[in-house]
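Q: Take a look at this one; I'll ask things after.
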Amino acid sequence: MSDEIPIAESTTAVHVAPSPPPYSATAQDRHRRDALALTIAAAAWFLPGLGHALLKMWGRALVCFSTAALLVILGAGMRGNIFSRNGEDAFAKLGYIADLGAGSFYFVAQALETNGPDVSHANGDYGTRLLATAGVLNMLAALHAYEVARARKA
Amino acid sequence: MMPAHEFKLSHFQAMVIFALLISIAFGFLSRRGAYQRARYILWSFILFLIIGVGIGWAMYPFSH
């Protein structure tokens, strides 16, 4: 008998309460934060450092931008290979994905390298690696900005 | 648009520039605070160089 009274009281209390469930506002916030994080990641990919700049992380933004820019300038100056979409084998396709990771800097590299690639020498081969590194590093930075925007990382 | 310069770097120069740039980027992305970053950058840069030169020496017998 003594057990029935608290159950009846708690059931009444739940029916009387008119407020919506507390998790709805949190879920809405989470969706908004996810959308913002995706936008920041896209911005970070498109222009190296922009994602961190939007998050007001100025030091990281400056370093991401200047590192990717230096790698692209060096890579193009060393006449590295900039992979195109029409890769013949898996390595060329992977190289294209890596190069494209630099976002808009992929097109900057193409514009800088007017004489075309020259991988017959070691210099051109190093240039290819530097261009790919710029892309992969920028993808890593974009992922970092995404994680920060989702408040998973400081 | 013409490239401003055409760079001719030796193996070692290319490795040092690569190591320095990547160490700085990793240090800024993964650490907070100037001291922690400087320590990480220095440590990472030295390890890049030691491992790079070590791998170079390990491959030396195969080139002869």
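In the structure tokens, each chain is lettered A, B, ... as it comes, each chain's residues begin at 1, and ligands are numbered from 1 in order of appearance.
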Should the cut-off be 10 Å, what would the residue list for chain A against chain B look like, counting only C-alpha atoms, as a PyMOL selection string?

A: chain A and resi 59-68+70-71+73-79+109-115+122-124+126-127+129-130+133-134+137-138+140-141+144-145+153-154

Q: May I have the selected residues written with C-alpha atoms, as a short mmCIF file (atom, residue, chain, number, x, y, z; two decimals), in the first residue's frame?

A:
```cif
data_model
loop_
_atom_site.label_atom_id
_atom_site.label_comp_id
_atom_site.auth_asym_id
_atom_site.auth_seq_id
_atom_site.Cartn_x
_atom_site.Cartn_y
_atom_site.Cartn_z
CA GLY A 59 47.59 31.98 -34.94
CA ARG A 60 46.44 28.67 -36.35
CA ALA A 61 44.76 30.43 -39.29
CA LEU A 62 47.96 32.27 -40.16
CA VAL A 63 50.08 29.14 -39.87
CA CYS A 64 47.69 27.02 -41.96
CA PHE A 65 47.52 29.65 -44.68
CA SER A 66 51.24 30.37 -44.84
CA THR A 67 52.30 26.72 -44.63
CA ALA A 68 49.97 25.64 -47.43
CA LEU A 70 54.69 28.05 -49.06
CA LEU A 71 54.32 24.37 -49.91
CA ILE A 73 54.78 27.93 -54.16
CA LEU A 74 57.77 25.65 -53.56
CA GLY A 75 56.11 22.64 -55.17
CA ALA A 76 55.08 24.58 -58.26
CA GLY A 77 58.48 26.31 -58.39
CA MET A 78 60.18 22.92 -58.34
CA ARG A 79 57.96 21.88 -61.25
CA ALA A 109 49.52 25.88 -58.28
CA GLN A 110 48.24 25.28 -61.81
CA ALA A 111 48.49 29.00 -62.57
CA LEU A 112 52.01 29.22 -61.15
CA GLU A 113 53.33 26.24 -63.03
CA THR A 114 53.22 27.61 -66.56
CA ASN A 115 56.14 25.49 -67.82
CA ALA A 122 64.59 14.60 -58.38
CA ASN A 123 63.66 18.26 -57.97
CA GLY A 124 60.34 17.80 -59.78
CA TYR A 126 60.12 16.57 -54.52
CA GLY A 127 57.83 19.28 -55.88
CA ARG A 129 55.42 15.57 -52.82
CA LEU A 130 55.28 19.15 -51.54
CA THR A 133 51.59 17.59 -48.67
CA ALA A 134 49.94 21.00 -48.97
CA LEU A 137 47.86 19.19 -44.51
CA ASN A 138 44.97 21.44 -45.47
CA LEU A 140 43.92 17.85 -41.69
CA ALA A 141 43.50 21.52 -40.77
CA HIS A 144 40.66 20.16 -36.95
CA ALA A 145 38.50 23.24 -37.56
CA LYS A 153 38.52 19.75 -29.41
CA ALA A 154 40.15 22.84 -27.96
#
```

Q: From chain B, collect each residue whose DSSP state is helix (DSSP H, G or I) and return the set as number ranges by chain.

A: B: 11-30, 34-63

Q: Give me the residues within 8 Å of range 44-59 of chain B as a list of chain:residue names, counting only C-alpha atoms and dropping any in the same chain fewer than 3 places off.

A: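 Close residues of range 44-59 of chain B: B:Met15, B:Val16, B:Ala19, B:Leu20, B:Ser23, B:Tyr40, B:Ile41, B:Phe62, B:Ser63.
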
Q: What does the distance between CA of Leu50 in chain A and CA of Glu147 in chain A come to in Å, to one decimal place?

A: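 Those two atoms sit 14.6 Å apart.
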
Q: Please compute the CA of Leu42 in chain B-CA of Ala151 in chain A distance, one decimal, in Å.

A: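 Pair CA of Leu42 in chain B / CA of Ala151 in chain A returns 28.4 Å.
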
Q: So how many Å separate CA of Phe107 in chain A and CA of Asp125 in chain A, to one decimal?

A: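 Between CA of Phe107 in chain A and CA of Asp125 in chain A the gap works out to 19.3 Å.
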
Q: Can you pull out every residue within 10 Å of Phe83 in chain A, counting only C-alpha atoms, but drop anything in the same chain fewer than 6 positions away, and send it as an MDAnalysis selection string?

A: chainID A and resid 91:100 106 110 117 128 131:132
